[in-house]
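J.: PDB, C-alpha atoms, saved as final.pdb, coming up:
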```pdb
MODEL        1
ATOM      1  CA  MET B   1      45.767 -10.177  26.133
ATOM      2  CA  LYS B   2      45.179 -10.949  29.773
ATOM      3  CA  GLU B   3      48.306 -10.470  31.872
ATOM      4  CA  LEU B   4      49.415 -13.221  34.202
ATOM      5  CA  PRO B   5      50.140 -12.338  37.834
ATOM      6  CA  ALA B   6      53.803 -12.290  38.823
ATOM      7  CA  GLU B   7      53.250 -15.241  41.179
ATOM      8  CA  LYS B   8      51.903 -17.407  38.360
ATOM      9  CA  LEU B   9      54.739 -16.404  36.067
ATOM     10  CA  SER B  10      57.299 -17.343  38.702
ATOM     11  CA  ILE B  11      55.630 -20.723  39.286
ATOM     12  CA  TYR B  12      55.493 -21.472  35.564
ATOM     13  CA  GLY B  13      59.069 -20.312  35.072
ATOM     14  CA  CYS B  14      60.438 -22.376  37.947
ATOM     15  CA  SER B  15      58.470 -25.411  36.782
ATOM     16  CA  LEU B  16      59.853 -25.180  33.253
ATOM     17  CA  ILE B  17      63.406 -24.733  34.544
ATOM     18  CA  LEU B  18      62.997 -27.722  36.865
ATOM     19  CA  VAL B  19      61.635 -29.858  34.039
ATOM     20  CA  ALA B  20      64.466 -28.775  31.725
ATOM     21  CA  ILE B  21      67.038 -29.779  34.354
ATOM     22  CA  LEU B  22      65.463 -33.060  35.417
ATOM     23  CA  THR B  23      64.526 -34.413  31.978
ATOM     24  CA  PRO B  24      68.106 -35.177  30.815
ATOM     25  CA  LEU B  25      68.915 -36.633  34.243
ATOM     26  CA  LEU B  26      65.888 -38.919  34.281
ATOM     27  CA  SER B  27      66.718 -40.198  30.800
ATOM     28  CA  ARG B  28      69.955 -41.638  32.193
ATOM     29  CA  ILE B  29      68.126 -43.778  34.750
ATOM     30  CA  PRO B  30      67.446 -47.314  33.445
ATOM     31  CA  ARG B  31      63.752 -48.049  33.087
ATOM     32  CA  SER B  32      62.543 -50.563  35.654
ATOM     33  CA  ARG B  33      59.826 -52.111  33.455
ATOM     34  CA  GLY B  34      57.596 -51.586  36.490
ATOM     35  CA  ASN B  35      58.984 -54.659  38.217
ATOM     36  CA  ASN B  36      60.002 -53.033  41.499
ATOM     37  CA  THR B  37      56.997 -52.873  43.830
ATOM     38  CA  ALA B  38      58.876 -50.680  46.306
ATOM     39  CA  ASN B  39      59.163 -47.943  43.682
ATOM     40  CA  HIS B  40      55.401 -47.852  43.235
ATOM     41  CA  ILE B  41      54.863 -47.660  46.991
ATOM     42  CA  LEU B  42      57.369 -44.819  47.292
ATOM     43  CA  PHE B  43      55.638 -43.035  44.429
ATOM     44  CA  VAL B  44      52.262 -43.244  46.182
ATOM     45  CA  VAL B  45      53.821 -41.969  49.407
ATOM     46  CA  GLY B  46      55.396 -39.084  47.499
ATOM     47  CA  VAL B  47      52.044 -38.225  45.932
ATOM     48  CA  LEU B  48      50.321 -38.164  49.317
ATOM     49  CA  LEU B  49      53.037 -36.002  50.863
ATOM     50  CA  THR B  50      52.831 -33.601  47.932
ATOM     51  CA  LEU B  51      49.066 -33.247  48.264
ATOM     52  CA  ILE B  52      49.335 -32.731  52.022
ATOM     53  CA  PHE B  53      52.213 -30.275  52.267
ATOM     54  CA  LEU B  54      52.307 -28.417  48.941
ATOM     55  CA  PRO B  55      50.515 -25.058  49.294
ATOM     56  CA  SER B  56      47.127 -25.023  47.617
ATOM     57  CA  SER B  57      48.017 -21.946  45.565
ATOM     58  CA  ILE B  58      50.887 -23.849  43.935
ATOM     59  CA  GLN B  59      48.767 -26.984  43.549
ATOM     60  CA  ASP B  60      46.155 -25.009  41.634
ATOM     61  CA  GLU B  61      48.780 -23.954  39.101
ATOM     62  CA  ILE B  62      50.687 -27.232  38.794
ATOM     63  CA  PHE B  63      47.673 -29.558  38.773
ATOM     64  CA  SER B  64      46.075 -27.749  35.871
ATOM     65  CA  PRO B  65      45.810 -28.168  32.100
ATOM     66  CA  GLY B  66      49.143 -26.359  31.750
ATOM     67  CA  GLY B  67      50.855 -28.647  34.231
ATOM     68  CA  VAL B  68      49.484 -31.736  32.515
ATOM     69  CA  VAL B  69      50.690 -30.412  29.151
ATOM     70  CA  VAL B  70      54.235 -29.909  30.440
ATOM     71  CA  ILE B  71      54.534 -33.286  32.138
ATOM     72  CA  GLY B  72      52.442 -35.281  29.677
ATOM     73  CA  THR B  73      53.404 -33.769  26.344
ATOM     74  CA  ILE B  74      56.508 -31.591  26.305
ATOM     75  CA  VAL B  75      58.708 -33.998  28.267
ATOM     76  CA  PRO B  76      57.571 -37.130  26.344
ATOM     77  CA  ILE B  77      58.009 -35.356  22.999
ATOM     78  CA  TYR B  78      61.611 -34.511  23.833
ATOM     79  CA  GLU B  79      62.320 -38.010  25.139
ATOM     80  CA  SER B  80      60.692 -39.554  22.061
ATOM     81  CA  ILE B  81      62.869 -37.458  19.769
ATOM     82  CA  VAL B  82      65.961 -38.559  21.676
ATOM     83  CA  ALA B  83      64.805 -42.190  21.520
ATOM     84  CA  VAL B  84      64.289 -42.117  17.754
ATOM     85  CA  CYS B  85      67.637 -40.421  17.182
ATOM     86  CA  THR B  86      69.644 -42.923  19.231
ATOM     87  CA  ILE B  87      70.726 -46.405  18.229
ATOM     88  CA  GLY B  88      68.688 -49.241  19.698
ATOM     89  CA  GLU B  89      64.994 -50.049  19.940
ATOM     90  CA  ALA B  90      64.497 -50.448  23.699
ATOM     91  CA  ASP B  91      63.880 -46.758  24.338
ATOM     92  CA  ASP B  92      61.705 -46.528  21.218
ATOM     93  CA  ASN B  93      59.455 -49.281  22.562
ATOM     94  CA  ALA B  94      59.351 -47.723  26.020
ATOM     95  CA  TRP B  95      58.156 -44.353  24.776
ATOM     96  CA  LEU B  96      55.740 -45.835  22.269
ATOM     97  CA  GLN B  97      54.194 -47.727  25.183
ATOM     98  CA  PHE B  98      53.806 -44.386  26.932
ATOM     99  CA  TRP B  99      52.051 -42.820  23.945
ATOM    100  CA  ILE B 100      49.676 -45.787  23.703
ATOM    101  CA  ALA B 101      48.583 -45.292  27.304
ATOM    102  CA  SER B 102      48.617 -41.512  27.048
ATOM    103  CA  GLY B 103      46.735 -41.443  23.739
ATOM    104  CA  THR B 104      44.066 -43.760  25.095
ATOM    105  CA  LEU B 105      43.719 -41.587  28.192
ATOM    106  CA  ALA B 106      43.453 -38.416  26.111
ATOM    107  CA  TYR B 107      40.744 -39.867  23.892
ATOM    108  CA  CYS B 108      38.728 -41.418  26.715
ATOM    109  CA  THR B 109      38.779 -38.153  28.684
ATOM    110  CA  GLU B 110      38.093 -35.860  25.739
ATOM    111  CA  PHE B 111      34.920 -34.564  27.379
ATOM    112  CA  ILE B 112      36.286 -34.209  30.900
ATOM    113  CA  ASP B 113      35.682 -30.452  30.933
ATOM    114  CA  ASN B 114      31.999 -31.043  30.222
ATOM    115  CA  ILE B 115      31.874 -33.666  32.965
ATOM    116  CA  ARG B 116      33.438 -31.213  35.404
ATOM    117  CA  ASP B 117      30.790 -28.655  34.497
ATOM    118  CA  VAL B 118      28.009 -31.137  35.228
ATOM    119  CA  PHE B 119      29.659 -32.775  38.256
ATOM    120  CA  PRO B 120      31.968 -30.115  39.721
ATOM    121  CA  GLU B 121      32.623 -32.026  42.935
ATOM    122  CA  GLY B 122      33.506 -35.255  41.159
ATOM    123  CA  GLY B 123      35.817 -33.517  38.708
ATOM    124  CA  GLU B 124      37.423 -31.201  41.231
ATOM    125  CA  HIS B 125      40.572 -33.297  41.559
ATOM    126  CA  TRP B 126      40.703 -34.559  37.985
ATOM    127  CA  TYR B 127      43.891 -32.734  37.015
ATOM    128  CA  GLU B 128      45.644 -34.027  40.118
ATOM    129  CA  LEU B 129      44.774 -37.574  39.071
ATOM    130  CA  GLU B 130      45.794 -36.974  35.454
ATOM    131  CA  PHE B 131      49.059 -35.299  36.462
ATOM    132  CA  PHE B 132      50.197 -38.055  38.805
ATOM    133  CA  PHE B 133      48.984 -40.855  36.527
ATOM    134  CA  THR B 134      50.979 -39.377  33.648
ATOM    135  CA  LEU B 135      53.981 -39.006  35.927
ATOM    136  CA  TRP B 136      53.618 -42.654  36.962
ATOM    137  CA  LEU B 137      53.551 -43.656  33.298
ATOM    138  CA  LEU B 138      56.756 -41.894  32.307
ATOM    139  CA  LEU B 139      59.081 -41.958  35.324
ATOM    140  CA  PRO B 140      61.812 -44.564  34.751
ATOM    141  CA  PHE B 141      61.648 -46.069  38.244
ATOM    142  CA  THR B 142      57.869 -46.605  38.127
ATOM    143  CA  ASP B 143      57.578 -47.137  34.348
ATOM    144  CA  GLY B 144      53.816 -47.407  34.512
ATOM    145  CA  ALA B 145      53.534 -47.576  30.732
ATOM    146  CA  ALA B 146      55.387 -50.903  30.792
ATOM    147  CA  VAL B 147      53.069 -52.171  33.538
ATOM    148  CA  ILE B 148      49.998 -51.317  31.474
ATOM    149  CA  GLN B 149      51.593 -52.874  28.388
ATOM    150  CA  LYS B 150      52.345 -56.106  30.256
ATOM    151  CA  TYR B 151      49.135 -56.600  32.205
ATOM    152  CA  ILE B 152      46.481 -54.811  30.139
ATOM    153  CA  THR B 153      47.465 -53.917  26.583
ATOM    154  CA  LYS B 154      49.270 -57.096  25.571
ATOM    155  CA  PRO B 155      46.853 -59.709  26.950
ATOM    156  CA  LEU B 156      43.610 -57.815  26.298
ATOM    157  CA  PHE B 157      44.013 -55.399  23.408
ATOM    158  CA  VAL B 158      46.655 -56.772  21.037
ATOM    159  CA  PRO B 159      44.206 -59.099  19.193
ATOM    160  CA  ILE B 160      41.642 -56.293  18.973
ATOM    161  CA  ALA B 161      44.300 -53.869  17.748
ATOM    162  CA  HIS B 162      45.343 -56.254  14.966
ATOM    163  CA  ARG B 163      41.764 -56.439  13.707
ATOM    164  CA  MET B 164      41.232 -52.691  14.024
ATOM    165  CA  LYS B 165      44.462 -51.925  12.198
ATOM    166  CA  GLY B 166      43.550 -54.260   9.357
ATOM    167  CA  THR B 167      40.056 -52.789   9.092
ATOM    168  CA  PHE B 168      41.283 -49.197   9.116
ATOM    169  CA  GLU B 169      43.979 -49.876   6.543
ATOM    170  CA  GLY B 170      41.451 -51.618   4.321
ATOM    171  CA  TRP B 171      39.154 -48.599   4.452
ATOM    172  CA  ILE B 172      42.064 -46.242   3.836
ATOM    173  CA  GLN B 173      43.130 -48.172   0.744
ATOM    174  CA  LEU B 174      39.544 -48.268  -0.499
ATOM    175  CA  ILE B 175      39.112 -44.533  -0.020
ATOM    176  CA  ILE B 176      42.421 -43.786  -1.725
ATOM    177  CA  ALA B 177      41.509 -45.999  -4.680
ATOM    178  CA  ALA B 178      37.867 -44.996  -5.089
ATOM    179  CA  VAL B 179      37.524 -41.425  -3.929
ATOM    180  CA  ASN B 180      38.006 -38.664  -6.462
ATOM    181  CA  ALA B 181      37.780 -34.912  -6.001
ATOM    182  CA  SER B 182      33.974 -34.826  -6.153
ATOM    183  CA  HIS B 183      33.720 -37.499  -3.468
ATOM    184  CA  LEU B 184      36.140 -35.568  -1.286
ATOM    185  CA  TRP B 185      33.932 -32.510  -1.581
ATOM    186  CA  PHE B 186      30.963 -34.627  -0.514
ATOM    187  CA  LEU B 187      32.838 -36.015   2.506
ATOM    188  CA  TRP B 188      33.924 -32.518   3.440
ATOM    189  CA  PHE B 189      30.338 -31.279   3.150
ATOM    190  CA  VAL B 190      29.128 -34.085   5.455
ATOM    191  CA  PHE B 191      31.900 -33.305   7.940
ATOM    192  CA  MET B 192      31.039 -29.605   7.924
ATOM    193  CA  SER B 193      27.365 -30.376   8.566
ATOM    194  CA  PHE B 194      28.189 -31.701  12.039
ATOM    195  CA  PRO B 195      28.097 -29.399  15.071
ATOM    196  CA  GLU B 196      31.381 -27.968  16.292
ATOM    197  CA  GLU B 197      31.824 -30.437  19.165
ATOM    198  CA  GLN B 198      31.285 -33.411  16.861
ATOM    199  CA  ARG B 199      33.778 -32.055  14.324
ATOM    200  CA  ARG B 200      36.320 -31.792  17.114
ATOM    201  CA  PHE B 201      35.499 -35.310  18.298
ATOM    202  CA  ILE B 202      35.973 -36.732  14.793
ATOM    203  CA  THR B 203      39.266 -34.885  14.412
ATOM    204  CA  VAL B 204      40.634 -36.216  17.700
ATOM    205  CA  ALA B 205      39.314 -39.714  16.943
ATOM    206  CA  MET B 206      41.089 -39.708  13.591
ATOM    207  CA  GLY B 207      44.336 -38.769  15.288
ATOM    208  CA  THR B 208      44.149 -41.303  18.114
ATOM    209  CA  ILE B 209      42.105 -44.463  17.405
ATOM    210  CA  TYR B 210      43.912 -45.866  14.366
ATOM    211  CA  PRO B 211      47.380 -44.656  15.477
ATOM    212  CA  THR B 212      46.838 -46.233  18.899
ATOM    213  CA  ALA B 213      45.832 -49.565  17.344
ATOM    214  CA  ALA B 214      48.774 -49.466  14.929
ATOM    215  CA  SER B 215      51.143 -48.543  17.763
ATOM    216  CA  ILE B 216      49.919 -51.481  19.853
ATOM    217  CA  VAL B 217      50.582 -53.810  16.922
ATOM    218  CA  ALA B 218      54.039 -52.306  16.372
ATOM    219  CA  VAL B 219      55.155 -52.520  19.987
ATOM    220  CA  SER B 220      53.834 -56.074  20.376
ATOM    221  CA  GLN B 221      55.864 -57.470  17.478
ATOM    222  CA  PRO B 222      58.758 -59.723  18.529
ATOM    223  CA  GLU B 223      62.253 -58.366  18.021
ATOM    224  CA  GLY B 224      63.714 -59.349  14.692
ATOM    225  CA  THR B 225      60.358 -59.325  12.923
ATOM    226  CA  ILE B 226      60.468 -57.665   9.524
ATOM    227  CA  ASN B 227      59.701 -53.939   9.856
ATOM    228  CA  SER B 228      59.157 -54.228  13.620
ATOM    229  CA  GLY B 229      61.730 -51.545  14.397
ATOM    230  CA  ALA B 230      60.638 -49.403  11.454
ATOM    231  CA  ASP B 231      56.992 -49.498  12.547
ATOM    232  CA  THR B 232      57.917 -48.557  16.098
ATOM    233  CA  THR B 233      60.029 -45.651  14.884
ATOM    234  CA  PHE B 234      57.345 -44.430  12.499
ATOM    235  CA  TRP B 235      54.610 -44.328  15.117
ATOM    236  CA  LEU B 236      56.928 -42.727  17.643
ATOM    237  CA  THR B 237      57.634 -39.938  15.166
ATOM    238  CA  TYR B 238      53.892 -39.687  14.514
ATOM    239  CA  TRP B 239      52.980 -39.228  18.183
ATOM    240  CA  SER B 240      55.700 -36.617  18.582
ATOM    241  CA  ALA B 241      54.382 -34.605  15.635
ATOM    242  CA  TYR B 242      50.693 -35.176  16.397
ATOM    243  CA  SER B 243      51.113 -34.042  20.000
ATOM    244  CA  ILE B 244      52.402 -30.701  18.747
ATOM    245  CA  LEU B 245      49.457 -30.463  16.368
ATOM    246  CA  PHE B 246      47.017 -31.316  19.158
ATOM    247  CA  LEU B 247      48.513 -28.664  21.432
ATOM    248  CA  LEU B 248      48.166 -26.066  18.687
ATOM    249  CA  MET B 249      44.576 -27.112  18.018
ATOM    250  CA  ASP B 250      43.702 -27.134  21.705
ATOM    251  CA  TYR B 251      45.094 -23.623  22.146
ATOM    252  CA  LEU B 252      43.940 -21.992  18.921
ATOM    253  CA  GLU B 253      40.377 -23.297  19.166
ATOM    254  CA  ASN B 254      39.831 -20.879  22.045
ATOM    255  CA  PHE B 255      40.272 -18.039  19.567
ATOM    256  CA  ILE B 256      39.392 -19.343  16.100
ATOM    257  CA  GLY B 257      37.641 -22.640  16.820
ATOM    258  CA  HIS B 258      34.316 -21.093  15.822
ATOM    259  CA  ILE B 259      35.547 -20.657  12.252
ATOM    260  CA  ARG B 260      33.933 -23.484  10.301
ATOM    261  CA  GLY B 261      37.064 -24.506   8.449
ATOM    262  CA  PHE B 262      39.254 -24.749  11.552
ATOM    263  CA  TYR B 263      38.685 -28.433  12.317
ATOM    264  CA  SER B 264      38.848 -29.296   8.622
ATOM    265  CA  ILE B 265      42.405 -27.969   8.550
ATOM    266  CA  CYS B 266      43.258 -29.884  11.726
ATOM    267  CA  LEU B 267      41.775 -33.068  10.256
ATOM    268  CA  LEU B 268      43.735 -32.704   7.019
ATOM    269  CA  ALA B 269      46.929 -32.064   8.976
ATOM    270  CA  THR B 270      46.311 -35.203  11.038
ATOM    271  CA  VAL B 271      45.767 -37.342   7.945
ATOM    272  CA  TYR B 272      48.876 -35.819   6.380
ATOM    273  CA  LEU B 273      50.927 -37.011   9.337
ATOM    274  CA  PHE B 274      50.049 -40.710   9.211
ATOM    275  CA  LEU B 275      49.137 -41.556   5.605
ATOM    276  CA  PRO B 276      52.058 -43.388   3.911
ATOM    277  CA  MET B 277      51.600 -41.448   0.672
ATOM    278  CA  PHE B 278      52.522 -38.210   2.456
ATOM    279  CA  ASN B 279      54.887 -39.479   5.165
ATOM    280  CA  GLY B 280      54.207 -36.193   6.898
ATOM    281  CA  ALA B 281      55.187 -37.274  10.403
ATOM    282  CA  GLU B 282      58.737 -38.093   9.346
ATOM    283  CA  THR B 283      59.011 -34.848   7.403
ATOM    284  CA  VAL B 284      57.895 -32.758  10.380
ATOM    285  CA  PHE B 285      60.076 -34.825  12.686
ATOM    286  CA  ARG B 286      63.244 -34.451  10.631
ATOM    287  CA  LYS B 287      62.756 -30.898   9.404
ATOM    288  CA  VAL B 288      61.315 -29.315  12.549
ATOM    289  CA  LEU B 289      61.447 -31.345  15.756
ATOM    290  CA  VAL B 290      64.945 -32.806  15.455
ATOM    291  CA  PRO B 291      66.695 -29.471  14.734
ATOM    292  CA  LEU B 292      64.754 -27.762  17.531
ATOM    293  CA  SER B 293      65.768 -30.456  20.020
ATOM    294  CA  GLY B 294      69.442 -30.412  19.039
ATOM    295  CA  GLN B 295      69.429 -34.072  17.975
ATOM    296  CA  TYR B 296      70.389 -33.620  14.328
ATOM    297  CA  GLU B 297      73.832 -35.203  14.654
ATOM    298  CA  ASN B 298      72.440 -38.177  16.572
ATOM    299  CA  MET B 299      69.785 -38.632  13.898
ATOM    300  CA  LEU B 300      72.457 -38.808  11.201
ATOM    301  CA  LEU B 301      74.387 -41.390  13.212
ATOM    302  CA  ARG B 302      71.241 -43.463  13.545
ATOM    303  CA  ASP B 303      70.707 -43.188   9.790
ATOM    304  CA  VAL B 304      74.217 -44.536   9.262
ATOM    305  CA  TYR B 305      73.462 -47.411  11.613
ATOM    306  CA  MET B 306      70.262 -48.228   9.716
ATOM    307  CA  VAL B 307      72.217 -48.228   6.452
ATOM    308  CA  GLN B 308      74.628 -50.696   8.036
ATOM    309  CA  LEU B 309      71.758 -53.013   8.961
ATOM    310  CA  GLU B 310      70.381 -52.850   5.425
ATOM    311  CA  MET B 311      73.815 -53.604   3.992
ATOM    312  CA  GLU B 312      74.142 -56.628   6.272
ATOM    313  CA  LYS B 313      70.886 -57.989   4.863
ATOM    314  CA  LEU B 314      71.961 -57.536   1.251
ATOM    315  CA  ILE B 315      75.668 -58.372   1.309
ATOM    316  CA  PRO B 316      76.864 -61.983   1.674
ATOM    317  CA  VAL B 317      78.738 -62.681   4.892
ATOM    318  CA  LYS B 318      82.005 -63.433   3.123
ATOM    319  CA  SER B 319      81.979 -60.033   1.396
ATOM    320  CA  ARG B 320      80.878 -57.854   4.300
ATOM    321  CA  SER B 321      84.316 -57.121   5.683
ATOM    322  CA  SER B 322      85.693 -55.744   2.427
ATOM    323  CA  VAL B 323      82.533 -53.790   1.589
ATOM    324  CA  PHE B 324      82.368 -52.222   5.051
ATOM    325  CA  GLN B 325      86.038 -51.302   4.782
ATOM    326  CA  LYS B 326      85.354 -49.538   1.488
ATOM    327  CA  ALA B 327      82.442 -47.719   3.092
ATOM    328  CA  ALA B 328      84.688 -46.662   5.971
ATOM    329  CA  ASP B 329      87.251 -45.384   3.456
ATOM    330  CA  ILE B 330      84.554 -43.276   1.811
ATOM    331  CA  PHE B 331      83.715 -41.657   5.140
ATOM    332  CA  THR B 332      87.394 -41.134   5.903
ATOM    333  CA  LYS B 333      88.001 -39.421   2.559
ATOM    334  CA  ALA B 334      84.950 -37.235   3.102
ATOM    335  CA  LYS B 335      86.351 -36.269   6.503
ATOM    336  CA  TYR B 336      89.650 -35.092   5.035
ATOM    337  CA  LYS B 337      87.960 -33.251   2.169
ATOM    338  CA  SER B 338      85.876 -31.252   4.635
ATOM    339  CA  LYS B 339      88.999 -29.917   6.363
TER
ENDMDL
END
```
Transcribe the structure of this file into structure tokens.
T.:
Amino acid sequence: MKELPAEKLSIYGCSLILVAILTPLLSRIPRSRGNNTANHILFVVGVLLTLIFLPSSIQDEIFSPGGVVVIGTIVPIYESIVAVCTIGEADDNAWLQFWIASGTLAYCTEFIDNIRDVFPEGGEHWYELEFFFTLWLLLPFTDGAAVIQKYITKPLFVPIAHRMKGTFEGWIQLIIAAVNASHLWFLWFVFMSFPEEQRRFITVAMGTIYPTAASIVAVSQPEGTINSGADTTFWLTYWSAYSILFLLMDYLENFIGHIRGFYSICLLATVYLFLPMFNGAETVFRKVLVPLSGQYENMLLRDVYMVQLEMEKLIPVKSRSSVFQKAADIFTKAKYKSK
């Protein structure tokens, strides 16, 4: 394995420490919904000052695929986990809006490395643009994801997303109902007949196009709509899990991407995450991501809150007080038994 120079290791280490410190602090800042123009101006000024005064050696390391991964994937995954595990839907919507913009960007720029090879001068500053654009999307005082949702996604793409979601779900149901094992073998054979780059493209498309459309539909539903909160939570858990899968695929393909079954496994894992029959995203989220992020207790409290909401729907108003008191007594007895 190629050893990294000490200077690079120190830059990466300091960057990770800085991100680990700032992430919890930034989560406490109320999101501006992108309404404060002064914040956007200050952000642009900060970007220009960074590009002017930051040493080029540090810029080369920060404005790189690794830097984009840290700021555009690791931080949002953690914040998404926290959002899902806390009571309330506002933060869920905010981070789902981020994943919509980020997922669209990732898919539309899938071939950026090839573009940079063909047009090296034009793509020279690509990672700087991607880094700062992602930062603009997720910072609470710029909240660029909300700006894009308000001025682009909602007026232009919500109707398209509804149609796409319906079409995709219709095809999924048809495939589930009609495809047997022999048909699956045929589909796999067709998939394997494509060149490596096309297999990768199909895999990424499967993980981004339909989930992005479904996420747009979920985040555009008015509050109080049946399953609106559940849909938002589901797709937020999906993007958290899929981002980990994409990172693994993006890294491992450098070593084993030439193996013909590699993208087949990635494709199956992607389908496992979002198909309702598997509910894989929630399984990965609850069994892996939540314990790793230290949010297990908060997740249980959110589960209790969701049970309360379901009970309120089912129990008549006149009986709620007594039923909730009995439920509280059950928890109290469980508390004393555990001592």
J.: Quick one: apply the PyMOL selection byres ((chain B and resi 160) around 12) to the file and drop the selected residues here as a PyMOL selection string.
T.: chain B and resi 153-159+161-167+209-210+212-214+216-217
J.: Can you tell me how far atom CA of B:Val288 sits from atom CA of B:Thr332, in Å to one decimal?
T.: 29.4 Å
J.: Env of B:Asp231: 12 Å cut, atoms = all atoms listed in the file, seq-sep filter 2 positions within chain, self excluded. Answer as a PyMOL selection string.
T.: chain B and resi 84+89+92-93+96+211+214-223+225-229+233-238+274+276+282
J.: Residues picked by the PyMOL selection byres ((chain B and resi 196-201) around 8) here, as a PyMOL selection string?
T.: chain B and resi 110+191-192+194-195+202-205+258+260+263
J.: If we count all atoms listed in the file, what is near B:Arg302 at a cut-off of 7 Å, once residues fewer than 3 positions away on the same chain are taken out, given as a tab-separated table (two decimals) with C-alpha atoms, in the coordinates of the input?
T.:
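Contents of the output file selection32.tsv:
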```tsv
chain	number	residue	atom	x	y	z
B	85	CYS	CA	67.64	-40.42	17.18
B	86	THR	CA	69.64	-42.92	19.23
B	87	ILE	CA	70.73	-46.40	18.23
B	298	ASN	CA	72.44	-38.18	16.57
B	299	MET	CA	69.78	-38.63	13.90
B	305	TYR	CA	73.46	-47.41	11.61
B	306	MET	CA	70.26	-48.23	9.72
```
J.: What does the distance from atom CA of B:Leu138 to atom CA of B:Gly46 come to in Å, to one decimal?
T.: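 So the answer is 15.5 Å.
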J.: Excluding B:Ser240 and any residue of its chain fewer than 2 positions from it, enumerate the residues within 12 Å of it, using all atoms listed in the file, and give them as a VMD selection string.
T.: chain B and resid 72 to 84 92 95 to 96 98 to 99 103 211 233 to 238 242 to 247 273 to 274 280 to 286 288 to 290 293
J.: Could the residues in this selection be written to a file with C-alpha atoms, as a compact mmCIF listing (two decimals), in the coordinates of the input?
T.:
```txt
# COMPACT_ATOMS: atom_id res chain seq x y z
CA GLY B 72 52.44 -35.28 29.68
CA THR B 73 53.40 -33.77 26.34
CA ILE B 74 56.51 -31.59 26.30
CA VAL B 75 58.71 -34.00 28.27
CA PRO B 76 57.57 -37.13 26.34
CA ILE B 77 58.01 -35.36 23.00
CA TYR B 78 61.61 -34.51 23.83
CA GLU B 79 62.32 -38.01 25.14
CA SER B 80 60.69 -39.55 22.06
CA ILE B 81 62.87 -37.46 19.77
CA VAL B 82 65.96 -38.56 21.68
CA ALA B 83 64.81 -42.19 21.52
CA VAL B 84 64.29 -42.12 17.75
CA ASP B 92 61.70 -46.53 21.22
CA TRP B 95 58.16 -44.35 24.78
CA LEU B 96 55.74 -45.84 22.27
CA PHE B 98 53.81 -44.39 26.93
CA TRP B 99 52.05 -42.82 23.94
CA GLY B 103 46.74 -41.44 23.74
CA PRO B 211 47.38 -44.66 15.48
CA THR B 233 60.03 -45.65 14.88
CA PHE B 234 57.34 -44.43 12.50
CA TRP B 235 54.61 -44.33 15.12
CA LEU B 236 56.93 -42.73 17.64
CA THR B 237 57.63 -39.94 15.17
CA TYR B 238 53.89 -39.69 14.51
CA TYR B 242 50.69 -35.18 16.40
CA SER B 243 51.11 -34.04 20.00
CA ILE B 244 52.40 -30.70 18.75
CA LEU B 245 49.46 -30.46 16.37
CA PHE B 246 47.02 -31.32 19.16
CA LEU B 247 48.51 -28.66 21.43
CA LEU B 273 50.93 -37.01 9.34
CA PHE B 274 50.05 -40.71 9.21
CA GLY B 280 54.21 -36.19 6.90
CA ALA B 281 55.19 -37.27 10.40
CA GLU B 282 58.74 -38.09 9.35
CA THR B 283 59.01 -34.85 7.40
CA VAL B 284 57.90 -32.76 10.38
CA PHE B 285 60.08 -34.83 12.69
CA ARG B 286 63.24 -34.45 10.63
CA VAL B 288 61.32 -29.32 12.55
CA LEU B 289 61.45 -31.34 15.76
CA VAL B 290 64.94 -32.81 15.46
CA SER B 293 65.77 -30.46 20.02
```
J.: Would you kindly translate the PyMOL selection byres ((chain B and resi 40) around 12) into the concrete residues it picks from this file, as number ranges by chain?
T.: B: 32-39, 41-47, 132-133, 135-137, 139-144, 147
J.: Separation of atom CA of B:Tyr296 and atom CA of B:Ile265, in Å?
T.: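 Value for the atom CA of B:Tyr296-atom CA of B:Ile265 distance: 29.1 Å.
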J.: Select, from B:Leu54, B:Ala146, B:Leu187, B:Leu275, the residue with the minimum atom-to-atom distance to B:Ala94, counting only C-alpha atoms.
T.: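 Among the listed residues, the smallest separation from B:Ala94 belongs to B:Ala146.
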J.: Given all atoms listed in the file as the basis, pick out the residue of B:Gly88, B:Gly207, B:Pro55, B:Pro24 nearest to B:Leu301.
T.: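 The answer is B:Gly88, which sits nearest to B:Leu301.
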J.: Restricting the calculation to all atoms listed in the file: of B:Glu169, B:Arg28, B:Glu128, B:Ile52, which residue gets closest to B:Val68?
T.: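 Closest candidate: B:Glu128.
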J.: Nearest to B:Ile172: which of B:Met206, B:Phe53, B:Ile259, B:Ala230 is it, counting all atoms listed in the file?
T.: B:Met206
J.: Complete stretch 247-252 of chain B with N, CA and C atoms (output as an mmCIF file, in the frame of the given file).
T.:
```cif
data_model
loop_
_atom_site.group_PDB
_atom_site.id
_atom_site.type_symbol
_atom_site.label_atom_id
_atom_site.label_comp_id
_atom_site.auth_asym_id
_atom_site.auth_seq_id
_atom_site.Cartn_x
_atom_site.Cartn_y
_atom_site.Cartn_z
ATOM 1 N N LEU B 247 48.334 -29.827 20.560
ATOM 2 C CA LEU B 247 48.513 -28.664 21.432
ATOM 3 C C LEU B 247 48.114 -27.377 20.716
ATOM 4 N N LEU B 248 48.531 -27.256 19.462
ATOM 5 C CA LEU B 248 48.166 -26.066 18.687
ATOM 6 C C LEU B 248 46.653 -25.977 18.511
ATOM 7 N N MET B 249 46.025 -27.107 18.188
ATOM 8 C CA MET B 249 44.576 -27.112 18.018
ATOM 9 C C MET B 249 43.873 -26.756 19.320
ATOM 10 N N ASP B 250 44.338 -27.348 20.412
ATOM 11 C CA ASP B 250 43.702 -27.134 21.705
ATOM 12 C C ASP B 250 43.812 -25.679 22.146
ATOM 13 N N TYR B 251 44.907 -25.023 21.767
ATOM 14 C CA TYR B 251 45.094 -23.623 22.146
ATOM 15 C C TYR B 251 44.350 -22.685 21.198
ATOM 16 N N LEU B 252 44.506 -22.914 19.899
ATOM 17 C CA LEU B 252 43.940 -21.992 18.921
ATOM 18 C C LEU B 252 42.419 -22.050 18.862
#
```
